[in-house]
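Enquirer: Starting off with a structure, shown below.
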Amino acid sequence: MTQADLIALLRSCAENFNVDPDLVVAIATIESGIYPLATRFEPNWKYFWRTKEFAKSLGITEATERVHQATSWGCLQVMGAVARELGFTDQLPALCTPDNGIRMGCKKLARLSEKYENEEAIIAAYNAGSARRLPGGKWENQDYVTKVSERLRKLRAIGR
């Protein structure tokens, strides 16, 4: 799949979830460089979703399920635990399949869009689980919010 194909899939899925396609492309660009096989283990991850149940149903160890839930996957770097919470029941490495990972990332963004009206809050929450401001008004993950927002402005400026 070419990068143009991936961008088209990102945009199409965003529209299906009623999410701004430019926002989805901007996040994918910052998260993975729009690389569908991107993975990143987060050793300090603390949020897990029904690991025993999924390990048993998939025929894997609970330790493997925990590692997979503490890993971000695919173009949109969806955390395994987040995908589980959103209803993903397959093996978590399958989130590197563009259809799966992009669908879960867009589903997460759709939920965040229902919760937050402010676009920067949505971006902050996508990266940090929730939108948290520091004293003085900056986001807890301001560098990430700034990177995505800058990429988003560029995409909107060129009309793509």
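FYI, nothing fancy with the structure tokens labels: chains A, B, ... in order, residues from 1 per chain, ligands from 1 as they appear.
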Show me, as a ChimeraX atom specification, the residues that have an atom within 12 Å of stretch 90-97 of chain A when counting only C-alpha atoms, minus same-chain residues fewer than 2 positions from it.

Expert: /A:1,6,9,32,34-41,51,54-60,64-84,86-88,99-105

Enquirer: Output as a PyMOL selection string all residues of stretch 7-99 of chain A that backbone DSSP marks as alpha helix (DSSP H).

Expert: chain A and resi 7-16+21-32+51-58+62-69+80-85+98-99

Enquirer: Using atom CA of A:Ala131 and atom CA of A:Lys115 as the two end points, give the distance in Å to one decimal.

Expert: 10.2 Å

Enquirer: Residues at most 10 Å from A:Ile27, counting only C-alpha atoms, excluding those fewer than 3 positions away in the same chain, as an MDAnalysis selection string?

Expert: chainID A and resid 21:24 30:34 75:77 105 123 126:127 144:145 147:149 151:152

Enquirer: With C-alpha atoms kept, could you save the residues just selected as a PDB file, in the first residue's frame?

Expert:
```pdb
ATOM      1  CA  PRO A  21      -9.842  14.052   7.786  1.00  0.00           C
ATOM      2  CA  ASP A  22      -7.069  16.665   8.047  1.00  0.00           C
ATOM      3  CA  LEU A  23      -6.865  16.038  11.786  1.00  0.00           C
ATOM      4  CA  VAL A  24      -6.533  12.289  11.243  1.00  0.00           C
ATOM      5  CA  ILE A  30       3.189  12.945  13.795  1.00  0.00           C
ATOM      6  CA  GLU A  31       2.518   9.542  15.370  1.00  0.00           C
ATOM      7  CA  SER A  32       4.134   7.287  12.771  1.00  0.00           C
ATOM      8  CA  GLY A  33       5.047   9.197   9.624  1.00  0.00           C
ATOM      9  CA  ILE A  34       2.003   7.360   8.198  1.00  0.00           C
ATOM     10  CA  CYS A  75      -0.368   4.591  11.520  1.00  0.00           C
ATOM     11  CA  LEU A  76      -2.313   6.198  14.333  1.00  0.00           C
ATOM     12  CA  GLN A  77      -0.356   4.464  17.119  1.00  0.00           C
ATOM     13  CA  GLY A 105      -7.810   5.449  15.739  1.00  0.00           C
ATOM     14  CA  ILE A 123      -5.372  16.339  20.218  1.00  0.00           C
ATOM     15  CA  TYR A 126      -5.600  11.479  21.891  1.00  0.00           C
ATOM     16  CA  ASN A 127      -1.989  11.471  23.022  1.00  0.00           C
ATOM     17  CA  TYR A 144       2.711  17.024  20.942  1.00  0.00           C
ATOM     18  CA  VAL A 145      -0.275  19.360  20.635  1.00  0.00           C
ATOM     19  CA  LYS A 147       3.395  19.456  16.462  1.00  0.00           C
ATOM     20  CA  VAL A 148      -0.019  18.109  15.440  1.00  0.00           C
ATOM     21  CA  SER A 149      -1.546  21.610  15.298  1.00  0.00           C
ATOM     22  CA  ARG A 151       0.884  19.914  10.710  1.00  0.00           C
ATOM     23  CA  LEU A 152      -2.882  20.460  10.707  1.00  0.00           C
TER      24      LEU A 152
END
```
